[in-house]
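What follows is a single structure, written as structure tokens, with notes after it.
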Amino acid sequence: MTILQPAERIDIDVLADNVSDSLSSTPGFVTREWTRLQRRGMRLSGAALCCATHGLALLITAHTPRATHGFLFDGGLIGPVFEHNGVCLGVAFGAIEAAMLSHGHWDHAGGLPRALGLITAANGGRAVPLYLHPAMFGRRGQRQPDGGVLPSERVPTPQEWSEFGAEPIVTTEPLTCLDDLYYVSGEIPRLTPYEIGVANQVRDDGAGWQPDPFVMDERFLALHLRGKGLVVFSACSHAGIVNVLQQARASFPGMKLHAVMGGLHLAGATEAAIPETVRGLAAFDLDLIIPGHCTGWRALHALVAAFGEPRVVPFAVGKRFSL
């Protein structure tokens, strides 16, 4: 059984997300974008604010009595947005010790090369461990109504990641890192009958375009927050968030699931799964559900209706969550 060392506190900085929202009130453990920028001497202007765009990047910082370890979970859509938001928020890029690409989609990988450049420029040139799945390097796309395929930008190869400043760690197996504070999952079994992925996703590994609804290379990240339980990060939940949490519970039997944060991919073609997903989430008795990115407004409304605002707290670019 995997043993995770507990963190005393976990800070999550949202460096890339689809949404900007610095006006809505938030609970005490959330700091809004504008509050953070004002503390840094912001004067109101477009250049001073974070930029929202489709994609996800989370900087997760785990604090223990002996050390602080920073981990980058995805890099967002494009490098300039990652850099702009990180500079605006005062991110100490050199304190990021490892990174993960959750799955091989462009809106999570596109900003990572620039992120690695910023990190290595600030840390004296040390290579950054980057956790990757071997199935994320093929061609991918979306089947269109006319039968054609809209191709996606490819994920760089391990050799290319090395040239960007990474130390690629390519594996399907689960592992821990940074003093056993962070758990990078293995592949996620698809068990529920209603979490069926996105039907028009395809990939080509050399034999032509084939269906790829489940995106089997997607993995989750988890940390143990002392006294509260497991905190799970799921970037897009192509496996289905209920499947993700079932695997998290199986990986850490007996540990309470405290919080889940990330994209739940319940927008567009997957909206039909919203009612059953909400019912499935109830079985985990989560203290916090922190949705964003690809979750979709219909799913967000359904989550709030089912679990209440104190438990459901959406994220947006520039926010900091201190758990």
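Simple scheme: letters A, B, ... for chains in structure tokens order, numbers from 1 for residues in each chain, numbers from 1 for ligands in the order shown.
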- Message: as a VMD selection string, please: the residues near region 210-217 of chain A (cut-off 6 Å, only C-alpha atoms, same-chain neighbours under 4 positions excluded).
- Response: chain A and resid 103 133 135 197 to 199 201 to 203 238 to 239
- Give the answer as one residue: which of A:Leu323, A:Ala305, A:Leu245, A:Ala98 has the shortest atom-to-atom distance to Ala283 (chain A), using only C-alpha atoms?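 Ranked by minimum distance to Ala283 (chain A), first place goes to A:Leu245.
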- Message: Using only C-alpha atoms, which protein or nucleic acid residues come within 8 Å of Arg140 (chain A)? Drop anything in the same chain fewer than 2 positions from it, and give the result as a list of chain:residue names.
- Response: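 Returned residues: A:Gly138, A:Gln142, A:Pro151, A:Ser152, A:Glu153, A:Arg154, A:Gln201, A:Val202, A:Arg203, A:Asp204.
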Mind dumping a table of every region 60-97 of chain A residue within 7 Å of region 109-117 of chain A, with the nearest atom pair and its distance in Å to one decimal, using only C-alpha atoms, sorted by chain and rising number, as JSON lines?
```
{"residue": "A:Asp74", "atom": "CA", "partner": "A:Ala109", "partner_atom": "CA", "distance": 6.4}
{"residue": "A:Gly75", "atom": "CA", "partner": "A:Leu112", "partner_atom": "CA", "distance": 4.4}
{"residue": "A:Gly76", "atom": "CA", "partner": "A:Gly111", "partner_atom": "CA", "distance": 5.0}
{"residue": "A:Leu77", "atom": "CA", "partner": "A:Gly110", "partner_atom": "CA", "distance": 4.7}
{"residue": "A:Ile78", "atom": "CA", "partner": "A:Gly111", "partner_atom": "CA", "distance": 4.1}
{"residue": "A:Gly79", "atom": "CA", "partner": "A:Gly111", "partner_atom": "CA", "distance": 4.0}
{"residue": "A:Phe82", "atom": "CA", "partner": "A:Gly111", "partner_atom": "CA", "distance": 6.0}
```
- Message: So that I can check the secondary structure, give me every residue of region 12-179 of chain A assigned strand (DSSP E) by backbone DSSP, as a PyMOL selection string.
- Response: chain A and resi 12-16+30-31+57-63+68-73+96-100+128-132+139-143+149-151+166-170+175-177
- With a distance cut-off of 10 Å and only C-alpha atoms, select the neighbouring residues of region 264-276 of chain A, excluding the residue or stretch itself and same-chain residues fewer than 2 positions from it, and output the selection as a PyMOL selection string. chain A and resi 192-200+234-242+260-262+278-281+290-300+302-303+306
Let me see the file: selected residues, N, CA and C atoms, as a CSV table (one decimal), in the first residue's frame.
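Now in again-v6.csv:
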```
chain,number,residue,atom,x,y,z
A,192,THR,N,-17.8,2.8,-14.1
A,192,THR,CA,-19.2,3.3,-14.1
A,192,THR,C,-19.8,3.1,-15.5
A,193,PRO,N,-21.1,2.8,-15.6
A,193,PRO,CA,-21.7,2.7,-16.9
A,193,PRO,C,-22.1,4.0,-17.6
A,194,TYR,N,-22.1,5.1,-16.8
A,194,TYR,CA,-22.5,6.4,-17.4
A,194,TYR,C,-21.4,7.3,-17.7
A,195,GLU,N,-20.2,7.0,-17.3
A,195,GLU,CA,-19.0,7.9,-17.6
A,195,GLU,C,-18.3,7.3,-18.9
A,196,ILE,N,-18.8,7.7,-20.0
A,196,ILE,CA,-18.4,7.0,-21.3
A,196,ILE,C,-17.5,7.9,-22.2
A,197,GLY,N,-16.9,8.9,-21.6
A,197,GLY,CA,-16.0,9.7,-22.4
A,197,GLY,C,-16.6,10.6,-23.4
A,198,VAL,N,-15.8,11.1,-24.3
A,198,VAL,CA,-16.3,12.0,-25.4
A,198,VAL,C,-16.2,11.3,-26.7
A,199,ALA,N,-17.3,11.0,-27.3
A,199,ALA,CA,-17.4,10.1,-28.5
A,199,ALA,C,-16.6,10.5,-29.7
A,200,ASN,N,-16.5,11.9,-29.9
A,200,ASN,CA,-15.8,12.3,-31.2
A,200,ASN,C,-14.3,12.4,-31.0
A,234,SER,N,-7.9,16.4,-10.6
A,234,SER,CA,-8.3,15.7,-11.8
A,234,SER,C,-8.4,16.7,-12.9
A,235,ALA,N,-7.6,16.7,-13.9
A,235,ALA,CA,-7.5,17.9,-14.8
A,235,ALA,C,-8.7,18.0,-15.7
A,236,CYS,N,-9.1,16.9,-16.3
A,236,CYS,CA,-10.3,16.9,-17.2
A,236,CYS,C,-11.3,15.8,-16.9
A,237,SER,N,-10.9,14.8,-16.1
A,237,SER,CA,-11.8,13.7,-15.8
A,237,SER,C,-12.4,13.0,-17.0
A,238,HIS,N,-11.5,12.8,-18.0
A,238,HIS,CA,-12.0,12.0,-19.1
A,238,HIS,C,-12.4,10.6,-18.7
A,239,ALA,N,-11.8,10.1,-17.6
A,239,ALA,CA,-12.2,8.8,-17.0
A,239,ALA,C,-13.6,8.9,-16.4
A,240,GLY,N,-14.1,10.1,-16.1
A,240,GLY,CA,-15.2,10.3,-15.2
A,240,GLY,C,-14.8,10.5,-13.8
A,241,ILE,N,-15.3,11.6,-13.2
A,241,ILE,CA,-14.8,11.9,-11.9
A,241,ILE,C,-15.2,10.9,-10.8
A,242,VAL,N,-16.3,10.2,-11.0
A,242,VAL,CA,-16.6,9.1,-10.1
A,242,VAL,C,-15.6,8.0,-10.2
A,260,VAL,N,-11.9,17.4,-3.9
A,260,VAL,CA,-11.5,17.1,-5.3
A,260,VAL,C,-11.5,18.5,-6.0
A,261,MET,N,-10.5,18.7,-6.9
A,261,MET,CA,-10.4,19.9,-7.6
A,261,MET,C,-10.0,19.7,-9.0
A,262,GLY,N,-10.6,20.3,-10.0
A,262,GLY,CA,-10.2,20.2,-11.4
A,262,GLY,C,-11.4,20.3,-12.3
A,278,VAL,N,-23.6,13.4,-10.3
A,278,VAL,CA,-23.9,14.1,-9.0
A,278,VAL,C,-24.3,13.1,-8.0
A,279,ARG,N,-25.1,12.1,-8.4
A,279,ARG,CA,-25.5,11.1,-7.4
A,279,ARG,C,-24.3,10.2,-7.0
A,280,GLY,N,-23.4,9.9,-8.0
A,280,GLY,CA,-22.2,9.2,-7.7
A,280,GLY,C,-21.3,9.9,-6.8
A,281,LEU,N,-21.2,11.2,-6.9
A,281,LEU,CA,-20.3,12.0,-6.0
A,281,LEU,C,-20.8,11.9,-4.6
A,290,ILE,N,-14.2,21.4,-5.9
A,290,ILE,CA,-13.7,22.7,-6.4
A,290,ILE,C,-13.6,22.5,-7.9
A,291,PRO,N,-14.7,22.8,-8.7
A,291,PRO,CA,-14.7,22.6,-10.1
A,291,PRO,C,-14.3,23.8,-10.9
A,292,GLY,N,-13.8,23.5,-12.1
A,292,GLY,CA,-13.4,24.6,-13.0
A,292,GLY,C,-13.1,24.0,-14.4
A,293,HIS,N,-12.4,24.8,-15.2
A,293,HIS,CA,-12.0,24.4,-16.6
A,293,HIS,C,-13.1,23.9,-17.4
A,294,CYS,N,-13.2,22.6,-17.6
A,294,CYS,CA,-14.2,22.0,-18.6
A,294,CYS,C,-15.4,21.5,-17.9
A,295,THR,N,-15.7,21.9,-16.6
A,295,THR,CA,-16.8,21.4,-15.9
A,295,THR,C,-18.1,21.8,-16.6
A,296,GLY,N,-18.3,23.1,-17.0
A,296,GLY,CA,-19.5,23.5,-17.6
A,296,GLY,C,-20.5,24.1,-16.6
A,297,TRP,N,-21.2,25.1,-17.0
A,297,TRP,CA,-22.1,25.8,-16.0
A,297,TRP,C,-23.3,25.0,-15.6
A,298,ARG,N,-23.8,24.1,-16.5
A,298,ARG,CA,-24.9,23.3,-16.1
A,298,ARG,C,-24.5,22.3,-15.0
A,299,ALA,N,-23.3,21.7,-15.1
A,299,ALA,CA,-22.8,20.8,-14.0
A,299,ALA,C,-22.6,21.6,-12.8
A,300,LEU,N,-22.0,22.8,-12.9
A,300,LEU,CA,-21.7,23.6,-11.7
A,300,LEU,C,-23.0,23.9,-10.9
A,302,ALA,N,-25.8,22.1,-11.0
A,302,ALA,CA,-26.3,20.9,-10.5
A,302,ALA,C,-25.5,20.5,-9.2
A,303,LEU,N,-24.2,20.8,-9.2
A,303,LEU,CA,-23.4,20.5,-8.0
A,303,LEU,C,-23.8,21.4,-6.8
A,306,ALA,N,-27.1,20.3,-5.4
A,306,ALA,CA,-27.1,19.0,-4.7
A,306,ALA,C,-26.3,19.1,-3.4
```
- Task: Find the residues around Ser251 (chain A) up to 12 Å (only C-alpha atoms counted), leave out those fewer than 6 positions away in its own chain, and share them as JSON, numbers by chain.
- Result: {"A": [1, 2, 3, 4, 174, 175, 183, 184, 185, 186, 187, 188, 189, 220, 221, 222, 223, 230, 232, 244, 245, 257]}
- Could you tell me, as a list in words, which residues of region 133-174 of chain A DSSP assigns to alpha helix (DSSP H) when given the backbone?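 So the alpha helix (DSSP H) residues in region 133-174 of chain A would be Pro158, Gln159, Glu160, Trp161, Ser162, Glu163 and Phe164 of chain A.
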With N, CA and C atoms retained, export the selected residues as a short mmCIF file (atom, residue, chain, number, x, y, z; two decimals), in the first residue's frame.
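Final file, out20.cif:
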```cif
data_model
loop_
_atom_site.label_atom_id
_atom_site.label_comp_id
_atom_site.auth_asym_id
_atom_site.auth_seq_id
_atom_site.Cartn_x
_atom_site.Cartn_y
_atom_site.Cartn_z
N PRO A 158 9.45 12.80 -25.49
CA PRO A 158 10.35 12.88 -24.33
C PRO A 158 11.66 13.61 -24.64
N GLN A 159 12.24 13.37 -25.83
CA GLN A 159 13.47 14.07 -26.19
C GLN A 159 13.25 15.57 -26.26
N GLU A 160 12.12 15.97 -26.84
CA GLU A 160 11.82 17.41 -26.90
C GLU A 160 11.61 17.99 -25.52
N TRP A 161 10.95 17.24 -24.63
CA TRP A 161 10.79 17.73 -23.26
C TRP A 161 12.14 17.93 -22.60
N SER A 162 13.08 17.03 -22.86
CA SER A 162 14.43 17.19 -22.30
C SER A 162 15.07 18.49 -22.79
N GLU A 163 14.86 18.80 -24.05
CA GLU A 163 15.42 20.02 -24.61
C GLU A 163 14.77 21.27 -24.01
N PHE A 164 13.53 21.14 -23.55
CA PHE A 164 12.85 22.27 -22.90
C PHE A 164 13.31 22.47 -21.46
#
```
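Proximity to Lys228 (chain A) was assessed for A:Asp180, A:Asp287, A:Glu83, A:Asp17 counting only C-alpha atoms; the smallest distance is recorded for A:Asp287.
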- Separation of CA of Ile289 (chain A) from CA of Val312 (chain A), in Å and rounded to one decimal: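 Computing it gives 4.8 Å between the two atoms.
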- Item | Contact residues around Ala127 (chain A) with only C-alpha atoms at 8 Å, ignoring same-chain residues under 5 positions, as a PyMOL selection string | chain A and resi 120+162+165-167
- Task: Report the distance between CA of Ile169 (chain A) and CA of Glu97 (chain A) in Å, rounded to one decimal place.
- Result: 13.7 Å
- Message: Env of Trp34 (chain A): 6 Å cut, atoms = only C-alpha atoms, seq-sep filter 3 positions within chain, self excluded. Answer as a VMD selection string.
- Response: chain A and resid 22 37 to 38
Contact check, region 126-217 of chain A to region 64-73 of chain A, at most 10 Å, counting only C-alpha atoms, closest pairs as CSV:
```
residue,atom,partner,partner_atom,distance
A:Pro129,CA,A:Phe71,CA,9.8
A:Leu130,CA,A:Leu72,CA,9.2
A:Tyr131,CA,A:Phe73,CA,9.8
A:Cys177,CA,A:Phe71,CA,9.7
A:Leu178,CA,A:His69,CA,6.7
A:Asp179,CA,A:His69,CA,8.6
A:Leu181,CA,A:His69,CA,8.4
A:Tyr182,CA,A:Phe71,CA,8.4
```
What are the closest atom pairs, with distances in Å to one decimal, for each residue of region 213-289 of chain A lying within 10 Å of region 8-11 of chain A, using only C-alpha atoms, rows by chain and rising residue number, as a tab-separated table?
```
residue	atom	partner	partner_atom	distance
A:Leu223	CA	A:Ile10	CA	8.6
A:His224	CA	A:Glu8	CA	8.9
A:Leu225	CA	A:Glu8	CA	6.2
A:Arg226	CA	A:Glu8	CA	5.6
A:Gly227	CA	A:Glu8	CA	8.5
A:Lys228	CA	A:Glu8	CA	9.9
A:Val231	CA	A:Ile10	CA	9.2
```
Would you mind exporting C-alpha atoms of the selected residues as a PDB file, in the first residue's frame?
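This is the output file result_36.pdb:
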```
ATOM      1  CA  LEU A 223      -1.935  14.712  -1.543  1.00  0.00           C
ATOM      2  CA  HIS A 224      -2.686  13.866   2.086  1.00  0.00           C
ATOM      3  CA  LEU A 225      -3.754  16.902   4.121  1.00  0.00           C
ATOM      4  CA  ARG A 226      -3.135  16.182   7.788  1.00  0.00           C
ATOM      5  CA  GLY A 227      -6.289  15.790   9.851  1.00  0.00           C
ATOM      6  CA  LYS A 228      -8.589  16.125   6.827  1.00  0.00           C
ATOM      7  CA  VAL A 231      -7.029  15.970  -1.805  1.00  0.00           C
TER       8      VAL A 231
END
```
